[in-house]
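Please read the structure below before turning to the comments.
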Amino acid sequence: MKFTLNEIAELLDGELEGNGQEEIFSISKIEEAKKGSISFLANPKYESYLYTTEATAVIVGKDFRPQRKYNSSLLRVADPYSGFTSLLEEYQKILLIGKSGIEQPSYIGEGCKIGENIYRGAFSYIGQNVRIGNNTKIYPQTFIGDNTNIGDNCIIYAGVKIYAGTQVGNNCIIHSGAVIGSDGFGFAPQSDGSYKTIPQLGNVIIEDNVSIGANTTIDCATLDNTIIRKGAKLDNLIQVAHNAEIGENTVIAAQAGISGSSKVGKNCVIAGQVGIVGHLQIADRTTIAAQSGISKSIDKKGTFKMGSPGFEMKDYMKSYAVFRNLPELWERVRQLEEKILNLPAK
Amino acid sequence: MKFTLNEIAELLDGELEGNGQEEIFSISKIEEAKKGSISFLANPKYESYLYTTEATAVIVGKDFRPQRKYNSSLLRVADPYSGFTSLLEEYQKILLIGKSGIEQPSYIGEGCKIGENIYRGAFSYIGQNVRIGNNTKIYPQTFIGDNTNIGDNCIIYAGVKIYAGTQVGNNCIIHSGAVIGSDGFGFAPQSDGSYKTIPQLGNVIIEDNVSIGANTTIDCATLDNTIIRKGAKLDNLIQVAHNAEIGENTVIAAQAGISGSSKVGKNCVIAGQVGIVGHLQIADRTTIAAQSGISKSIDKKGTFKMGSPGFEMKDYMKSYAVFRNLPELWERVRQLEEKILNLPAK
Amino acid sequence: MKFTLNEIAELLDGELEGNGQEEIFSISKIEEAKKGSISFLANPKYESYLYTTEATAVIVGKDFRPQRKYNSSLLRVADPYSGFTSLLEEYQKILLIGKSGIEQPSYIGEGCKIGENIYRGAFSYIGQNVRIGNNTKIYPQTFIGDNTNIGDNCIIYAGVKIYAGTQVGNNCIIHSGAVIGSDGFGFAPQSDGSYKTIPQLGNVIIEDNVSIGANTTIDCATLDNTIIRKGAKLDNLIQVAHNAEIGENTVIAAQAGISGSSKVGKNCVIAGQVGIVGHLQIADRTTIAAQSGISKSIDKKGTFKMGSPGFEMKDYMKSYAVFRNLPELWERVRQLEEKILNLPAK
């Protein structure tokens, strides 16, 4: 990374107080910034760092008034935090732009339609009749099965495995080791105690702007579709079983598991290591606390659940507060029994 | 997929009422079926869909008597659900038959014995002295370490990693990202607080008809074998630690973890996110509820366990029912104490 | 493996009672050993096996006095268990030495500095400006992103994915399917309910002597570093989120998850399926029981925690003991209420 302060000021539409020719090589938190880096000050509680930071420049609000002496150039913008994340995004774009073209050896089957300005890394495998949109990056060692569609501006990181027939929208990011479209876990018990595999012939549909974390697994549906709706964000090591559906803009933290045929609504927040059993409906805007187990459908929007099996979060917390004192409660009941024994009968 | 109804009738040994020349392109649930698809009606509670479905054909029982008008051809078989799954299997076979031969570049070491009619995908890696049976499919980017044996009719999906010395039986399916034979987690504490790695020199044995889900990990034994017995079915993201043994026809759902040296019996059902600590014996036909933690051996066959640490499921559910009402119980005890205080002493 | 007993005696600096020309082909537990193998006897409770084992040789203590007739050669050493693990290590070294040189096709970008005596497997991908130390093994299908540094004597198993900019120390082992440096899970909620991705521009630093299990994921930091300190041992399927830090010689069992920005101290033991929420400090020598959820910082060194949310392990166990008897407690309170009702008022 190398920008002049003038370039950054122009990028962020900001007003610079300092030397526009100075060069910036990195982006840092204000409490850790060194010379050559740019930082930001949005939260007043970090203001004291401004007077000690070694950052070459600090992004601040339009109306910010320093109370003491400082050594950095100031770059004034309407919203310093947004300015900072815009700068991060710009930096990331530059990092990613680096990758384009086709590295060899790589494999591509017959009948594929590949967009413009894409990257296909070495040892990537693209099956037959695959369509890939423009500006999409397929990192090395990725597997993309037959008849798969992938949209524009996607990043498929190294080693992602996408089974045949998967549909991926635009602007999706899939991290390394994620597996999309593996067989749903369906087995019919036989009279001799063994299981017969039920063929899983459906697929996975991933809509636009979805992010999928490293080593997450999303199984294909038995017949129709497992669906990840637009804007959903899935962390690492998540399990999404066959025929499940994850609603628009729902966020799921690492190591959670959604069982087969369950439908999670929009704008839900599912914390880490949560488990949701199969065939449930989870209402929009549901929040589920970490490690909870959801065994019943949730009908009311905006519900908070906790526990395994989970119930209303504030009720759970009250019960758990008593749980911590159960030995005391047990002893108090014992003492009551003793006292009652010593009381005169009616 | 493209079959005529006559072809399907012959395949399922069924009796067709309708035009045998009509073509079928997909398989669907009766409530979602469109023209060109075939569906089935096994459960009487779905009968009403028969009168509204757009399915070109519906598989029904030999003796089924429709109560109203319907638009589909009927294909009568002895058991409609079995007929339907047979059709799914036939379809899946056709899908899979597509893959055969050797794609390049792929790597194979010296001294290998490879069966007939196999598929070796591009960028697959087969080490030295590997034996692979007939009709087995090794998808792209798969790693098969030295001295590994893989039986007949197996499917090893893209990106599976099988460490040296692993034994895989016949008719096994291993999904993408699964890792078989990684080092067991064994470290000896040293006096300075550091750990010394205990070499893991054993292997993994996977018997016939085993299914292993995406990104599941099975560690090799320290000296002898980690064993997955025949017919066991493992879902995605499961951990099986060193020296563990999973019994015949045992089913394990996603994200469960079996610790080192534990032996799980036959025909067990282990639900999602269960944890089993090390060095336990779990009796045959044990059922463990989701998210439970098993910390003691289970001796009695057919036991149901729940909780963490887990105990008898029906006892757990009774305790948990009281847990939900602990704040009430606390208050009732407080009121009893108050009343007792106001009672006359003996 | 093939050693003579004389060679093993020299290796372990032991005193042999038996034929030094006999050959050893494998290492086994004493209760399972067959002819041609060597075993050990450290724990007196296994002594009876010495008199029945088929092992060609058994490693015993210097002063061990057999009570009955036995058929094996004896190899006397100061500490039989240490002798045995030394032998395992020697054997493992031989197994690993096998891999060296460069298999083709493999990919390497410009500007790389690669040490001596390394192994680069087929279909491995090394980006630009990567440095790799001496004696390091890069197995097939591994991805090593641009500007990554990897030290000496590391083993990076098949299919590991290391994102650009990662730092790996010396003597590290990373197992198949592990993903190092994937984007941290950071999204800023927007007013329309959607989320904007916060670029993750930091990296991961892995210090010396670290072991990372199969399919474990370690996310890069937002700006600075996610750090795994020297000697830490991570099992399979673990999630380490952005900006987290794992202390020196800390051991984490399978399927545990460490959320963003949490700092785990030195010499901690974190059991399987534990979850730690974000932005916590966990003191040195903390032990956390399996499946526990830690929601508050732990200040006191040497603490044991259990439960979700977790508290002092011994308190948790007392509460849980009462939990198991809650239906009884409920009934006793009900009976107390009944009795009180029948008592005369004051």
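Just remember, in the structure tokens the first chain shown is A, the second B, etc., residues are 1-based per chain, and ligands are 1-based in the order shown.
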
For segment 139-144 of chain B, please output as a short mmCIF file (atom, residue, chain, number, x, y, z; two decimals) with all heavy atoms, in the first residue's frame all residues within 9 Å (counting only C-alpha atoms; exclusion window: fewer than 6 positions along the same chain).
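Once everything was written out, this is result-v7.cif:
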data_model
loop_
_atom_site.label_atom_id
_atom_site.label_comp_id
_atom_site.auth_asym_id
_atom_site.auth_seq_id
_atom_site.Cartn_x
_atom_site.Cartn_y
_atom_site.Cartn_z
N PHE A 123 -4.59 -25.22 -10.78
CA PHE A 123 -5.20 -26.42 -10.19
C PHE A 123 -6.68 -26.23 -9.85
O PHE A 123 -7.27 -27.04 -9.15
CB PHE A 123 -4.43 -26.89 -8.94
CG PHE A 123 -2.93 -26.86 -9.12
CD1 PHE A 123 -2.12 -26.12 -8.26
CD2 PHE A 123 -2.34 -27.53 -10.17
CE1 PHE A 123 -0.75 -26.07 -8.44
CE2 PHE A 123 -0.96 -27.49 -10.35
CZ PHE A 123 -0.16 -26.75 -9.49
N SER A 124 -7.27 -25.14 -10.34
CA SER A 124 -8.72 -25.02 -10.19
C SER A 124 -9.37 -25.93 -11.22
O SER A 124 -8.82 -26.18 -12.30
CB SER A 124 -9.17 -23.57 -10.38
OG SER A 124 -8.88 -23.13 -11.69
N TYR A 125 -10.56 -26.42 -10.87
CA TYR A 125 -11.27 -27.38 -11.72
C TYR A 125 -12.67 -26.86 -11.98
O TYR A 125 -13.45 -26.65 -11.04
CB TYR A 125 -11.35 -28.73 -11.01
CG TYR A 125 -12.00 -29.83 -11.81
CD1 TYR A 125 -11.24 -30.78 -12.47
CD2 TYR A 125 -13.39 -29.92 -11.90
CE1 TYR A 125 -11.83 -31.80 -13.20
CE2 TYR A 125 -13.99 -30.93 -12.64
CZ TYR A 125 -13.20 -31.87 -13.28
OH TYR A 125 -13.78 -32.87 -14.02
N GLN A 141 -7.07 -24.48 -6.79
CA GLN A 141 -7.52 -25.74 -6.15
C GLN A 141 -9.00 -25.74 -5.82
O GLN A 141 -9.47 -26.56 -5.03
CB GLN A 141 -6.68 -26.01 -4.88
CG GLN A 141 -5.22 -26.18 -5.18
CD GLN A 141 -4.30 -25.62 -4.11
OE1 GLN A 141 -4.70 -24.80 -3.30
NE2 GLN A 141 -3.05 -26.04 -4.13
N THR A 142 -9.74 -24.82 -6.43
CA THR A 142 -11.19 -24.80 -6.26
C THR A 142 -11.83 -25.82 -7.20
O THR A 142 -11.35 -26.03 -8.30
CB THR A 142 -11.70 -23.38 -6.58
OG1 THR A 142 -11.17 -22.52 -5.60
CG2 THR A 142 -13.20 -23.30 -6.59
N PHE A 143 -12.91 -26.44 -6.74
CA PHE A 143 -13.66 -27.38 -7.56
C PHE A 143 -15.06 -26.82 -7.81
O PHE A 143 -15.79 -26.50 -6.87
CB PHE A 143 -13.79 -28.73 -6.83
CG PHE A 143 -14.69 -29.72 -7.53
CD1 PHE A 143 -14.19 -30.54 -8.53
CD2 PHE A 143 -16.03 -29.82 -7.19
CE1 PHE A 143 -15.02 -31.46 -9.18
CE2 PHE A 143 -16.86 -30.73 -7.83
CZ PHE A 143 -16.36 -31.55 -8.83
N GLY A 159 -9.51 -23.78 -2.70
CA GLY A 159 -9.94 -25.05 -2.15
C GLY A 159 -11.41 -25.17 -1.85
O GLY A 159 -11.84 -26.16 -1.24
N LYS B 99 -19.12 -39.95 -14.86
CA LYS B 99 -17.71 -39.75 -14.53
C LYS B 99 -16.93 -41.04 -14.68
O LYS B 99 -17.15 -42.00 -13.94
CB LYS B 99 -17.57 -39.25 -13.09
CG LYS B 99 -18.22 -37.90 -12.82
CD LYS B 99 -17.45 -36.78 -13.51
CE LYS B 99 -18.19 -35.46 -13.44
NZ LYS B 99 -17.69 -34.48 -14.41
N GLU B 103 -8.60 -37.91 -15.89
CA GLU B 103 -8.38 -36.54 -16.35
C GLU B 103 -6.94 -36.13 -16.05
O GLU B 103 -6.37 -36.54 -15.03
CB GLU B 103 -9.35 -35.59 -15.64
CG GLU B 103 -10.80 -35.82 -16.02
CD GLU B 103 -11.80 -35.06 -15.14
OE1 GLU B 103 -11.36 -34.48 -14.13
OE2 GLU B 103 -12.98 -35.07 -15.45
N SER B 106 -3.04 -35.49 -13.47
CA SER B 106 -3.29 -36.14 -12.18
C SER B 106 -2.01 -36.89 -11.83
O SER B 106 -1.17 -37.13 -12.70
CB SER B 106 -4.50 -37.05 -12.24
OG SER B 106 -4.37 -37.97 -13.31
N TYR B 119 -12.72 -43.66 -12.07
CA TYR B 119 -12.56 -42.26 -12.45
C TYR B 119 -11.48 -41.65 -11.58
O TYR B 119 -11.49 -41.83 -10.36
CB TYR B 119 -13.88 -41.52 -12.23
CG TYR B 119 -13.81 -40.00 -12.32
CD1 TYR B 119 -13.33 -39.36 -13.45
CD2 TYR B 119 -14.26 -39.22 -11.26
CE1 TYR B 119 -13.28 -37.97 -13.52
CE2 TYR B 119 -14.23 -37.82 -11.32
CZ TYR B 119 -13.73 -37.21 -12.46
OH TYR B 119 -13.68 -35.83 -12.53
N ARG B 120 -10.52 -40.99 -12.22
CA ARG B 120 -9.52 -40.23 -11.47
C ARG B 120 -9.56 -38.81 -12.00
O ARG B 120 -9.18 -38.56 -13.15
CB ARG B 120 -8.11 -40.80 -11.68
CG ARG B 120 -7.87 -42.11 -10.95
CD ARG B 120 -6.38 -42.33 -10.66
NE ARG B 120 -5.60 -42.58 -11.85
CZ ARG B 120 -4.50 -41.93 -12.24
NH1 ARG B 120 -4.02 -40.93 -11.57
NH2 ARG B 120 -3.86 -42.25 -13.33
N GLY B 121 -10.05 -37.88 -11.20
CA GLY B 121 -10.21 -36.50 -11.63
C GLY B 121 -8.88 -35.77 -11.73
O GLY B 121 -7.87 -36.19 -11.15
N ALA B 122 -8.91 -34.67 -12.42
CA ALA B 122 -7.71 -33.82 -12.55
C ALA B 122 -7.24 -33.37 -11.17
O ALA B 122 -8.05 -33.14 -10.27
CB ALA B 122 -8.02 -32.61 -13.42
N PHE B 123 -5.93 -33.25 -11.03
CA PHE B 123 -5.29 -32.76 -9.79
C PHE B 123 -5.50 -33.70 -8.61
O PHE B 123 -5.23 -33.34 -7.47
CB PHE B 123 -5.77 -31.33 -9.43
CG PHE B 123 -5.84 -30.42 -10.61
CD1 PHE B 123 -7.02 -29.77 -10.96
CD2 PHE B 123 -4.72 -30.21 -11.41
CE1 PHE B 123 -7.09 -28.94 -12.06
CE2 PHE B 123 -4.78 -29.38 -12.53
CZ PHE B 123 -5.98 -28.74 -12.86
N SER B 124 -6.00 -34.91 -8.88
CA SER B 124 -6.04 -35.90 -7.80
C SER B 124 -4.63 -36.45 -7.62
O SER B 124 -3.84 -36.50 -8.57
CB SER B 124 -7.02 -37.03 -8.12
OG SER B 124 -6.61 -37.72 -9.28
N TYR B 125 -4.31 -36.82 -6.38
CA TYR B 125 -2.98 -37.28 -6.03
C TYR B 125 -3.08 -38.65 -5.37
O TYR B 125 -3.74 -38.81 -4.35
CB TYR B 125 -2.34 -36.30 -5.05
CG TYR B 125 -0.91 -36.63 -4.65
CD1 TYR B 125 0.15 -35.98 -5.24
CD2 TYR B 125 -0.65 -37.60 -3.70
CE1 TYR B 125 1.47 -36.27 -4.89
CE2 TYR B 125 0.67 -37.91 -3.34
CZ TYR B 125 1.72 -37.23 -3.94
OH TYR B 125 3.02 -37.52 -3.60
N ILE B 126 -2.44 -39.62 -5.98
CA ILE B 126 -2.42 -40.97 -5.41
C ILE B 126 -0.96 -41.31 -5.14
O ILE B 126 -0.12 -41.25 -6.05
CB ILE B 126 -3.07 -41.98 -6.39
CG1 ILE B 126 -4.55 -41.62 -6.56
CG2 ILE B 126 -2.90 -43.41 -5.89
CD1 ILE B 126 -5.29 -42.49 -7.53
N GLY B 127 -0.66 -41.62 -3.87
CA GLY B 127 0.73 -41.87 -3.47
C GLY B 127 1.25 -43.21 -3.96
O GLY B 127 0.75 -43.77 -4.95
N VAL B 130 -0.60 -47.72 -3.51
CA VAL B 130 -2.03 -47.57 -3.21
C VAL B 130 -2.80 -48.62 -4.01
O VAL B 130 -2.47 -48.89 -5.16
CB VAL B 130 -2.50 -46.15 -3.57
CG1 VAL B 130 -4.03 -46.04 -3.49
CG2 VAL B 130 -1.84 -45.12 -2.67
N ILE B 155 -17.07 -43.71 -3.74
CA ILE B 155 -17.00 -42.36 -4.31
C ILE B 155 -16.23 -41.49 -3.33
O ILE B 155 -16.64 -41.32 -2.18
CB ILE B 155 -18.40 -41.75 -4.53
CG1 ILE B 155 -19.26 -42.68 -5.38
CG2 ILE B 155 -18.27 -40.38 -5.20
CD1 ILE B 155 -20.70 -42.19 -5.53
N ILE B 156 -15.10 -40.98 -3.78
CA ILE B 156 -14.29 -40.08 -2.96
C ILE B 156 -14.40 -38.71 -3.62
O ILE B 156 -13.83 -38.49 -4.68
CB ILE B 156 -12.81 -40.54 -2.91
CG1 ILE B 156 -12.69 -42.06 -2.69
CG2 ILE B 156 -12.01 -39.74 -1.90
CD1 ILE B 156 -13.17 -42.55 -1.35
N TYR B 157 -15.18 -37.83 -3.01
CA TYR B 157 -15.50 -36.56 -3.64
C TYR B 157 -14.31 -35.59 -3.63
O TYR B 157 -13.30 -35.81 -2.94
CB TYR B 157 -16.73 -35.93 -2.97
CG TYR B 157 -18.03 -36.51 -3.49
CD1 TYR B 157 -18.75 -37.42 -2.74
CD2 TYR B 157 -18.51 -36.17 -4.75
CE1 TYR B 157 -19.94 -37.97 -3.22
CE2 TYR B 157 -19.70 -36.71 -5.23
CZ TYR B 157 -20.41 -37.61 -4.47
OH TYR B 157 -21.59 -38.15 -4.95
N ALA B 158 -14.49 -34.50 -4.35
CA ALA B 158 -13.39 -33.55 -4.58
C ALA B 158 -12.78 -33.07 -3.27
O ALA B 158 -13.47 -32.66 -2.34
CB ALA B 158 -13.92 -32.35 -5.37
N GLY B 159 -11.46 -33.13 -3.22
CA GLY B 159 -10.74 -32.52 -2.11
C GLY B 159 -10.69 -33.32 -0.84
O GLY B 159 -10.22 -32.82 0.18
N VAL B 160 -11.14 -34.56 -0.86
CA VAL B 160 -10.97 -35.41 0.33
C VAL B 160 -9.48 -35.66 0.54
O VAL B 160 -8.72 -35.79 -0.42
CB VAL B 160 -11.72 -36.75 0.13
CG1 VAL B 160 -11.33 -37.76 1.19
CG2 VAL B 160 -13.22 -36.51 0.14
N LYS B 161 -9.05 -35.69 1.82
CA LYS B 161 -7.65 -35.97 2.13
C LYS B 161 -7.57 -37.25 2.97
O LYS B 161 -8.10 -37.30 4.08
CB LYS B 161 -7.02 -34.82 2.92
CG LYS B 161 -7.17 -33.43 2.29
CD LYS B 161 -6.59 -33.30 0.89
CE LYS B 161 -6.92 -31.95 0.27
NZ LYS B 161 -6.84 -31.93 -1.20
N ILE B 162 -6.92 -38.24 2.43
CA ILE B 162 -6.78 -39.53 3.11
C ILE B 162 -5.29 -39.76 3.37
O ILE B 162 -4.51 -39.87 2.43
CB ILE B 162 -7.36 -40.66 2.23
CG1 ILE B 162 -8.86 -40.40 1.98
CG2 ILE B 162 -7.13 -42.01 2.87
CD1 ILE B 162 -9.55 -41.44 1.12
N TYR B 163 -4.91 -39.78 4.66
CA TYR B 163 -3.50 -39.94 5.01
C TYR B 163 -3.01 -41.36 4.71
O TYR B 163 -3.81 -42.29 4.59
CB TYR B 163 -3.30 -39.64 6.49
CG TYR B 163 -3.24 -38.18 6.85
CD1 TYR B 163 -4.25 -37.30 6.49
CD2 TYR B 163 -2.18 -37.66 7.59
CE1 TYR B 163 -4.21 -35.96 6.85
CE2 TYR B 163 -2.13 -36.32 7.97
CZ TYR B 163 -3.14 -35.47 7.59
OH TYR B 163 -3.10 -34.14 7.95
N ALA B 164 -1.71 -41.49 4.66
CA ALA B 164 -1.05 -42.76 4.35
C ALA B 164 -1.54 -43.88 5.27
O ALA B 164 -1.74 -43.68 6.46
CB ALA B 164 0.46 -42.59 4.48
N THR B 166 -4.34 -45.62 5.34
CA THR B 166 -5.78 -45.78 5.62
C THR B 166 -6.35 -46.97 4.85
O THR B 166 -5.92 -47.25 3.74
CB THR B 166 -6.52 -44.48 5.23
OG1 THR B 166 -5.95 -43.39 5.97
CG2 THR B 166 -8.01 -44.57 5.52
N SER B 176 -16.63 -34.18 0.22
CA SER B 176 -15.56 -33.18 0.07
C SER B 176 -15.08 -32.65 1.41
O SER B 176 -15.86 -32.39 2.32
CB SER B 176 -16.06 -32.00 -0.76
OG SER B 176 -16.12 -32.37 -2.12
N GLY B 177 -13.79 -32.45 1.49
CA GLY B 177 -13.21 -31.80 2.65
C GLY B 177 -13.01 -32.71 3.84
O GLY B 177 -12.38 -32.31 4.82
N PHE C 123 0.68 -30.33 -7.27
CA PHE C 123 -0.53 -29.48 -7.16
C PHE C 123 -0.49 -28.54 -5.96
O PHE C 123 -1.50 -27.94 -5.60
CB PHE C 123 -1.82 -30.33 -7.13
CG PHE C 123 -1.81 -31.45 -8.12
CD1 PHE C 123 -2.01 -32.77 -7.73
CD2 PHE C 123 -1.59 -31.19 -9.47
CE1 PHE C 123 -1.98 -33.81 -8.65
CE2 PHE C 123 -1.56 -32.23 -10.40
CZ PHE C 123 -1.75 -33.54 -9.98
N PRO C 140 0.97 -32.16 -1.08
CA PRO C 140 0.18 -31.85 -2.28
C PRO C 140 -1.05 -31.01 -1.99
O PRO C 140 -1.63 -31.09 -0.90
CB PRO C 140 -0.22 -33.24 -2.79
CG PRO C 140 0.89 -34.13 -2.36
CD PRO C 140 1.27 -33.60 -1.00
N GLN C 141 -1.42 -30.21 -2.99
CA GLN C 141 -2.71 -29.47 -2.98
C GLN C 141 -2.79 -28.42 -1.88
O GLN C 141 -3.87 -27.94 -1.55
CB GLN C 141 -3.88 -30.46 -2.86
CG GLN C 141 -3.93 -31.43 -4.02
CD GLN C 141 -4.38 -32.81 -3.64
OE1 GLN C 141 -4.34 -33.20 -2.48
NE2 GLN C 141 -4.80 -33.59 -4.62
N ALA C 158 -1.51 -32.14 3.29
CA ALA C 158 -2.24 -31.98 2.03
C ALA C 158 -3.47 -31.09 2.19
O ALA C 158 -4.29 -31.30 3.08
CB ALA C 158 -2.66 -33.35 1.50
N GLY C 159 -3.60 -30.13 1.31
CA GLY C 159 -4.82 -29.36 1.23
C GLY C 159 -4.97 -28.26 2.25
O GLY C 159 -6.04 -27.66 2.35
#

Proximity of chain C to chain B: per-residue shortest pair, 7 Å limit, only C-alpha atoms, as a Markdown table:
| residue | atom | partner | partner_atom | distance |
| --- | --- | --- | --- | --- |
| C:Ser28 | CA | B:Leu223 | CA | 6.3 |
| C:Thr85 | CA | B:Ile198 | CA | 6.7 |
| C:Leu88 | CA | B:Pro199 | CA | 5.9 |
| C:Glu89 | CA | B:Pro199 | CA | 5.8 |
| C:Gln92 | CA | B:Pro199 | CA | 6.5 |
| C:Phe123 | CA | B:Phe123 | CA | 6.4 |
| C:Gln141 | CA | B:Gln141 | CA | 6.9 |
| C:Ala158 | CA | B:Lys161 | CA | 6.7 |
| C:His175 | CA | B:Ser182 | CA | 6.6 |
| C:Ser176 | CA | B:Val179 | CA | 6.5 |
| C:Gly177 | CA | B:Gly177 | CA | 6.6 |
| C:Ala214 | CA | B:Thr217 | CA | 6.6 |
| C:Asn215 | CA | B:Asn215 | CA | 6.8 |
| C:Gly231 | CA | B:Ser194 | CA | 6.3 |
| C:Asp235 | CA | B:Phe185 | CA | 6.2 |
| C:Asn249 | CA | B:Ser194 | CA | 5.4 |
| C:Asn267 | CA | B:Gly193 | CA | 6.8 |
| C:Phe323 | CA | B:Ser319 | CA | 6.2 |
| C:Arg324 | CA | B:Ser319 | CA | 6.0 |
| C:Asn325 | CA | B:Ser319 | CA | 6.9 |
| C:Leu326 | CA | B:Ser319 | CA | 5.2 |
| C:Pro327 | CA | B:Ser319 | CA | 5.7 |
| C:Val333 | CA | B:Val333 | CA | 7.0 |
| C:Glu337 | CA | B:Leu336 | CA | 6.9 |
| C:Ala345 | CA | B:Leu343 | CA | 6.6 |
| C:Lys346 | CA | B:Leu343 | CA | 5.4 |

Considering only C-alpha atoms, return as a compact mmCIF listing (two decimals) with N, CA and C atoms, in the first residue's frame whatever protein or nucleic-acid residues lie within 12 Å of Thr287 of chain B, sequence-local ones (same chain, fewer than 2 positions apart) excluded.
# COMPACT_ATOMS: atom_id res chain seq x y z
N THR B 250 -24.26 -47.42 13.06
CA THR B 250 -24.50 -46.29 13.94
C THR B 250 -24.53 -45.01 13.11
N VAL B 251 -25.47 -44.12 13.49
CA VAL B 251 -25.69 -42.89 12.74
C VAL B 251 -25.28 -41.71 13.63
N ILE B 252 -24.46 -40.82 13.10
CA ILE B 252 -24.00 -39.66 13.88
C ILE B 252 -24.31 -38.39 13.10
N ALA B 253 -25.03 -37.47 13.74
CA ALA B 253 -25.42 -36.24 13.05
C ALA B 253 -24.31 -35.19 13.14
N VAL B 264 -18.17 -46.65 20.48
CA VAL B 264 -19.62 -46.50 20.35
C VAL B 264 -20.16 -47.79 19.73
N GLY B 265 -21.23 -48.32 20.32
CA GLY B 265 -21.78 -49.61 19.90
C GLY B 265 -22.50 -49.56 18.56
N LYS B 266 -23.24 -50.65 18.29
CA LYS B 266 -23.99 -50.79 17.05
C LYS B 266 -25.32 -50.07 17.12
N ASN B 267 -25.82 -49.66 15.96
CA ASN B 267 -27.18 -49.14 15.83
C ASN B 267 -27.49 -48.04 16.83
N CYS B 268 -26.49 -47.25 17.16
CA CYS B 268 -26.72 -46.07 17.99
C CYS B 268 -27.16 -44.90 17.12
N VAL B 269 -27.83 -43.94 17.75
CA VAL B 269 -28.20 -42.70 17.08
C VAL B 269 -27.65 -41.55 17.92
N ILE B 270 -26.69 -40.85 17.37
CA ILE B 270 -26.05 -39.75 18.10
C ILE B 270 -26.42 -38.47 17.37
N ALA B 271 -27.15 -37.60 18.06
CA ALA B 271 -27.68 -36.41 17.41
C ALA B 271 -26.61 -35.32 17.27
N GLY B 272 -27.00 -34.22 16.67
CA GLY B 272 -26.05 -33.16 16.34
C GLY B 272 -25.41 -32.52 17.56
N VAL B 274 -23.45 -33.42 19.75
CA VAL B 274 -23.17 -34.22 20.94
C VAL B 274 -21.67 -34.31 21.14
N ILE B 282 -19.99 -47.15 24.86
CA ILE B 282 -21.39 -46.78 24.68
C ILE B 282 -22.11 -48.01 24.14
N ALA B 283 -23.12 -48.48 24.88
CA ALA B 283 -23.81 -49.74 24.53
C ALA B 283 -24.55 -49.62 23.20
N ASP B 284 -24.85 -50.76 22.60
CA ASP B 284 -25.61 -50.80 21.35
C ASP B 284 -26.96 -50.10 21.53
N ARG B 285 -27.46 -49.58 20.45
CA ARG B 285 -28.79 -48.96 20.40
C ARG B 285 -28.99 -47.81 21.39
N ALA B 289 -29.43 -37.36 22.77
CA ALA B 289 -30.11 -36.17 22.25
C ALA B 289 -29.10 -35.09 21.87
N ALA B 290 -29.52 -34.22 20.98
CA ALA B 290 -28.64 -33.17 20.45
C ALA B 290 -28.01 -32.34 21.57
N SER B 292 -26.03 -33.01 23.81
CA SER B 292 -25.72 -33.66 25.08
C SER B 292 -24.22 -33.92 25.19
N ILE B 294 -21.68 -36.68 26.99
CA ILE B 294 -21.66 -37.98 27.67
C ILE B 294 -20.30 -38.14 28.34
N ILE B 298 -21.95 -46.08 29.00
CA ILE B 298 -23.36 -46.48 29.02
C ILE B 298 -23.38 -47.98 28.81
N LYS B 300 -26.20 -50.14 29.46
CA LYS B 300 -27.47 -50.78 29.12
C LYS B 300 -27.86 -50.44 27.69
N LYS B 301 -28.13 -51.49 26.91
CA LYS B 301 -28.53 -51.28 25.52
C LYS B 301 -29.87 -50.54 25.44
N GLY B 302 -30.03 -49.75 24.40
CA GLY B 302 -31.30 -49.09 24.18
C GLY B 302 -31.57 -47.90 25.08
N THR B 303 -30.53 -47.37 25.70
CA THR B 303 -30.67 -46.23 26.60
C THR B 303 -30.85 -44.92 25.81
N PHE B 304 -31.63 -43.98 26.40
CA PHE B 304 -31.75 -42.63 25.86
C PHE B 304 -31.10 -41.66 26.84
N LYS B 305 -30.18 -40.81 26.35
CA LYS B 305 -29.50 -39.87 27.24
C LYS B 305 -29.69 -38.44 26.75
N MET B 306 -29.70 -37.51 27.71
CA MET B 306 -29.84 -36.10 27.37
C MET B 306 -29.17 -35.26 28.45
N GLY B 310 -24.87 -35.82 30.47
CA GLY B 310 -26.14 -36.45 30.13
C GLY B 310 -26.58 -37.52 31.12
N PHE B 311 -27.89 -37.61 31.33
CA PHE B 311 -28.46 -38.74 32.08
C PHE B 311 -29.75 -39.16 31.38
N GLU B 312 -30.53 -40.08 31.99
CA GLU B 312 -31.73 -40.61 31.33
C GLU B 312 -32.58 -39.48 30.72
N MET B 313 -32.92 -39.61 29.46
CA MET B 313 -33.61 -38.52 28.77
C MET B 313 -34.89 -38.10 29.47
